[in-house]
Every structure is written in C-alpha cells, then in structure tokens.
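S.K.: The structure under discussion is supplied below as structure tokens; questions concerning it will follow.
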Amino acid sequence: TLVRSYSTTNTWTWDTTGFTPGSYSITVLVKNTGSTASYETSKAITFAISDPPATGATLTPSPASPQIIGTIATFTAGGIGGSGNYQYQFWRKQGTGSWTIVQAYSATNTWTWDTTGYTGGGYTIMVYVKSAGSAANYEAYKGIYYNIGTSFATGATLVPSLASPQTIGTSITYTAGGSGGSGSYEYQFWRKQGTGAWT
C-alpha cells in the first residue's frame, strides 16, 4: 500500500491505531530530485505492533481442589488490562519437579486435565497471558495449587486443654483430630496475634 507519494520530506508518521497486531514491512523508495525513474534505491524494514500488554491474569479450576485421582478438571484463565485480545499458555509441575508446557500459546483460555494415572500429591498449574502479537514470553501470569489423591480428610477438630481465657504463663495443649479420608493424618499448627501475621 502506498502511504505517501514522492516528496522532499524524508519522514512519514504512522498512527497504528486500529491496525491488526502482527509484523509489517515498511519500505522507502529513494531517487534524485527530478529523476523520472520509478526509484533508484530502496530500503525495507520489518516492524511489529501488538495490543497493549496484559497487566494481570486469573485462573480458576473446576471442580475445586482437592479431587480424587481420575477427576477431569478444567482450568479457565482470563487476562486483565490491555485490549482484551489475549493469548494463553498453560504449564504444570508436581511438587518441586520440572515445569511442563501442557498447552501452547493460543486464543483458547481453557485447559482440561484428565488426572487418571497421575501420582497423588500437590501440583502447580500456571497460565501465562500476553496480548495478541506480543513478542514477549509473557506479560502476566497466575499460578494455583491443585491436589489430587486417593482419599482426603473432610473435617478437622481442635480442642484446647483449658478454656479461654487463661493468664500468661499457663501451658495449654491443643489436640487436633481429622475425619474422613484414610484415617491416617498429619497435622500442622499455626498461630497469630490479632491481625498480625501467621506463624
């Protein structure tokens, strides 16, 4: 497409508003002033444009974690910011293992995982999000934990040896219990004061 005819002005300004993301070729033809030739020399370059970058990402599983091995789980991603024209790439890893791409970049914002045959435990599911046409590896990402297994605890109890309140210096023993699942449990205890941080 001819975007500007011959003149002595050696600049051309392109307002890229409304154009499709992708790679464009820009060519200039040069000739001596007054020459009747079509051109005497030329130079071509490529120039890529993309939608504004995504500024955030969402990732929602269905059904929610934890689930029994054999569950088919669908992970739905979304982008935040930018133009809304996104590409999505999904990753998975188990525990501290290596990351694996489970779905390459595409406009499809869902990935379905059939957990049949997988080892029970905690998995991290990650989505990378970028605007269409972007050359970046990613612009935003979101990761979530997803647990699968053969059975799960379904409830918990926690009982102090002395009723609250007690005076400073008193030793209180907290006894926990689990219900459901295999009946063989592990316990982890946390504490915080008021609105402070959990320890």
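Ordering of the structure tokens sets the chain letters (A, B, ...), residue numbers begin anew at 1 in every chain, and ligands are numbered from 1 in the order given.
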Give me the residues near A:Asn10 as a PyMOL selection string, where near means some atom within 12 Å (using only C-alpha atoms) and where sequence neighbours in that chain fewer than 5 positions away do not count.
M.R.: chain A and resi 4-5+28-31
S.K.: Give me the residues near A:Gly122 as a list in words, where near means some atom within 7 Å (using only C-alpha atoms) and where sequence neighbours in that chain fewer than 2 positions away do not count.
M.R.: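 Contacts, with the query itself left out: Gln94, Gly95, Thr124, Tyr145, Tyr146, Asn147 and Ile148 of chain A.
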S.K.: Residues at most 12 Å from A:Gln188, counting only C-alpha atoms, excluding those fewer than 3 positions away in the same chain, as a list of chain:residue names?
M.R.: A:Ala156, A:Leu158, A:Tyr174, A:Thr175, A:Ala176, A:Gly177, A:Gly178, A:Tyr185, A:Arg191, A:Thr199
S.K.: Save the residues we just selected, N, CA, C and O atoms, as an mmCIF file, in the first residue's frame?
M.R.:
```cif
data_model
loop_
_atom_site.group_PDB
_atom_site.id
_atom_site.type_symbol
_atom_site.label_atom_id
_atom_site.label_comp_id
_atom_site.auth_asym_id
_atom_site.auth_seq_id
_atom_site.Cartn_x
_atom_site.Cartn_y
_atom_site.Cartn_z
ATOM 1 N N ALA A 156 -11.963 -31.381 60.414
ATOM 2 C CA ALA A 156 -10.934 -31.255 61.442
ATOM 3 C C ALA A 156 -11.547 -30.761 62.727
ATOM 4 O O ALA A 156 -12.566 -30.061 62.727
ATOM 5 N N LEU A 158 -10.313 -29.145 66.793
ATOM 6 C CA LEU A 158 -9.217 -28.548 67.558
ATOM 7 C C LEU A 158 -9.762 -28.172 68.930
ATOM 8 O O LEU A 158 -10.674 -27.345 69.040
ATOM 9 N N TYR A 174 -3.149 -28.172 72.713
ATOM 10 C CA TYR A 174 -4.221 -28.182 71.707
ATOM 11 C C TYR A 174 -4.211 -29.531 71.009
ATOM 12 O O TYR A 174 -3.202 -29.958 70.445
ATOM 13 N N THR A 175 -5.333 -30.217 71.052
ATOM 14 C CA THR A 175 -5.453 -31.551 70.472
ATOM 15 C C THR A 175 -6.318 -31.485 69.220
ATOM 16 O O THR A 175 -7.462 -31.022 69.268
ATOM 17 N N ALA A 176 -5.734 -31.956 68.110
ATOM 18 C CA ALA A 176 -6.441 -31.929 66.828
ATOM 19 C C ALA A 176 -6.882 -33.326 66.438
ATOM 20 O O ALA A 176 -6.359 -34.334 66.928
ATOM 21 N N GLY A 177 -7.841 -33.373 65.549
ATOM 22 C CA GLY A 177 -8.303 -34.644 65.001
ATOM 23 C C GLY A 177 -8.775 -34.444 63.575
ATOM 24 O O GLY A 177 -9.108 -33.329 63.168
ATOM 25 N N GLY A 178 -8.767 -35.507 62.802
ATOM 26 C CA GLY A 178 -9.251 -35.459 61.430
ATOM 27 C C GLY A 178 -10.417 -36.407 61.250
ATOM 28 O O GLY A 178 -10.649 -37.299 62.072
ATOM 29 N N TYR A 185 -3.599 -39.407 59.585
ATOM 30 C CA TYR A 185 -3.467 -37.967 59.332
ATOM 31 C C TYR A 185 -2.118 -37.431 59.765
ATOM 32 O O TYR A 185 -1.447 -37.988 60.625
ATOM 33 N N ARG A 191 -0.119 -20.090 64.481
ATOM 34 C CA ARG A 191 -0.567 -19.151 65.495
ATOM 35 C C ARG A 191 -0.367 -17.722 64.965
ATOM 36 O O ARG A 191 0.578 -17.437 64.242
ATOM 37 N N THR A 199 2.187 -17.576 61.983
ATOM 38 C CA THR A 199 3.468 -18.254 62.182
ATOM 39 C C THR A 199 3.195 -19.751 62.337
ATOM 40 O O THR A 199 2.320 -20.140 63.102
#
```
S.K.: Under the rule that only C-alpha atoms are counted, which of A:Gly194, A:Gly133, A:Gly34, A:Gly22 is the nearest residue to A:Gln87?
M.R.: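 Nearest candidate to A:Gln87 out of A:Gly194, A:Gly133, A:Gly34, A:Gly22: A:Gly133.
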S.K.: Go through stretch 77-134 of chain A and flag each residue having an atom no more than 9 Å from stretch 45-61 of chain A; for those, report the closest pair of atoms plus their distance in Å to one decimal, using only C-alpha atoms, ordered by chain and rising number, as CSV.
M.R.:
```
residue,atom,partner,partner_atom,distance
A:Ala77,CA,A:Leu59,CA,4.4
A:Gly78,CA,A:Thr58,CA,5.0
A:Gly79,CA,A:Ala57,CA,4.5
A:Ile80,CA,A:Gly56,CA,4.6
A:Gly81,CA,A:Ala54,CA,4.9
A:Gly82,CA,A:Pro52,CA,4.5
A:Ser83,CA,A:Pro52,CA,5.9
A:Gly84,CA,A:Ala54,CA,7.9
A:Asn85,CA,A:Asp51,CA,7.3
A:Tyr86,CA,A:Ala54,CA,7.7
A:Ile125,CA,A:Leu59,CA,8.7
A:Met126,CA,A:Leu59,CA,7.9
A:Val127,CA,A:Leu59,CA,7.1
A:Tyr128,CA,A:Ala57,CA,7.8
A:Val129,CA,A:Ala57,CA,6.6
A:Lys130,CA,A:Ala54,CA,5.7
A:Ser131,CA,A:Pro53,CA,5.5
A:Ala132,CA,A:Asp51,CA,6.1
A:Gly133,CA,A:Ser50,CA,4.6
A:Ser134,CA,A:Ser50,CA,5.2
```
S.K.: Find, counting only C-alpha atoms, the residue in A:Phe19, A:Thr115, A:Thr154, A:Thr27 that gets nearest to A:Tyr39.
M.R.: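 Smallest distance to A:Tyr39 is found for A:Thr27.
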S.K.: Write out as a list of chain:residue names the residues lying within 6 Å of A:Ile68, counting only C-alpha atoms and excluding same-chain residues fewer than 3 positions away.
M.R.: A:Thr71, A:Ile148, A:Gly149, A:Thr150
S.K.: Residues of the last selection are to be written out with C-alpha atoms, as an mmCIF file, in the first residue's frame.
M.R.:
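Below is the file that was written, result_26.cif:
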```cif
data_model
loop_
_atom_site.group_PDB
_atom_site.id
_atom_site.type_symbol
_atom_site.label_atom_id
_atom_site.label_comp_id
_atom_site.auth_asym_id
_atom_site.auth_seq_id
_atom_site.Cartn_x
_atom_site.Cartn_y
_atom_site.Cartn_z
ATOM 1 C CA THR A 71 -11.164 -36.388 38.064
ATOM 2 C CA ILE A 148 -5.179 -34.986 43.755
ATOM 3 C CA GLY A 149 -5.159 -38.247 45.688
ATOM 4 C CA THR A 150 -6.989 -41.463 46.503
#
```
S.K.: Once DSSP has gone over the backbone, tell me which residues of stretch 53-142 of chain A are in strand (DSSP E or B), as number ranges by chain.
M.R.: A: 56-62, 67-68, 72-80, 86-94, 100-106, 110-114, 121-131, 140-142
S.K.: Expressed in Å to a single decimal, how great is the separation between atom CA of A:Ser35 and atom CA of A:Thr9?
M.R.: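 So the answer is 15.9 Å.
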S.K.: Counting only C-alpha atoms, which of A:Ser182, A:Val159, A:Ala153, A:Tyr6 gets nearest to A:Ser38?
M.R.: A:Tyr6
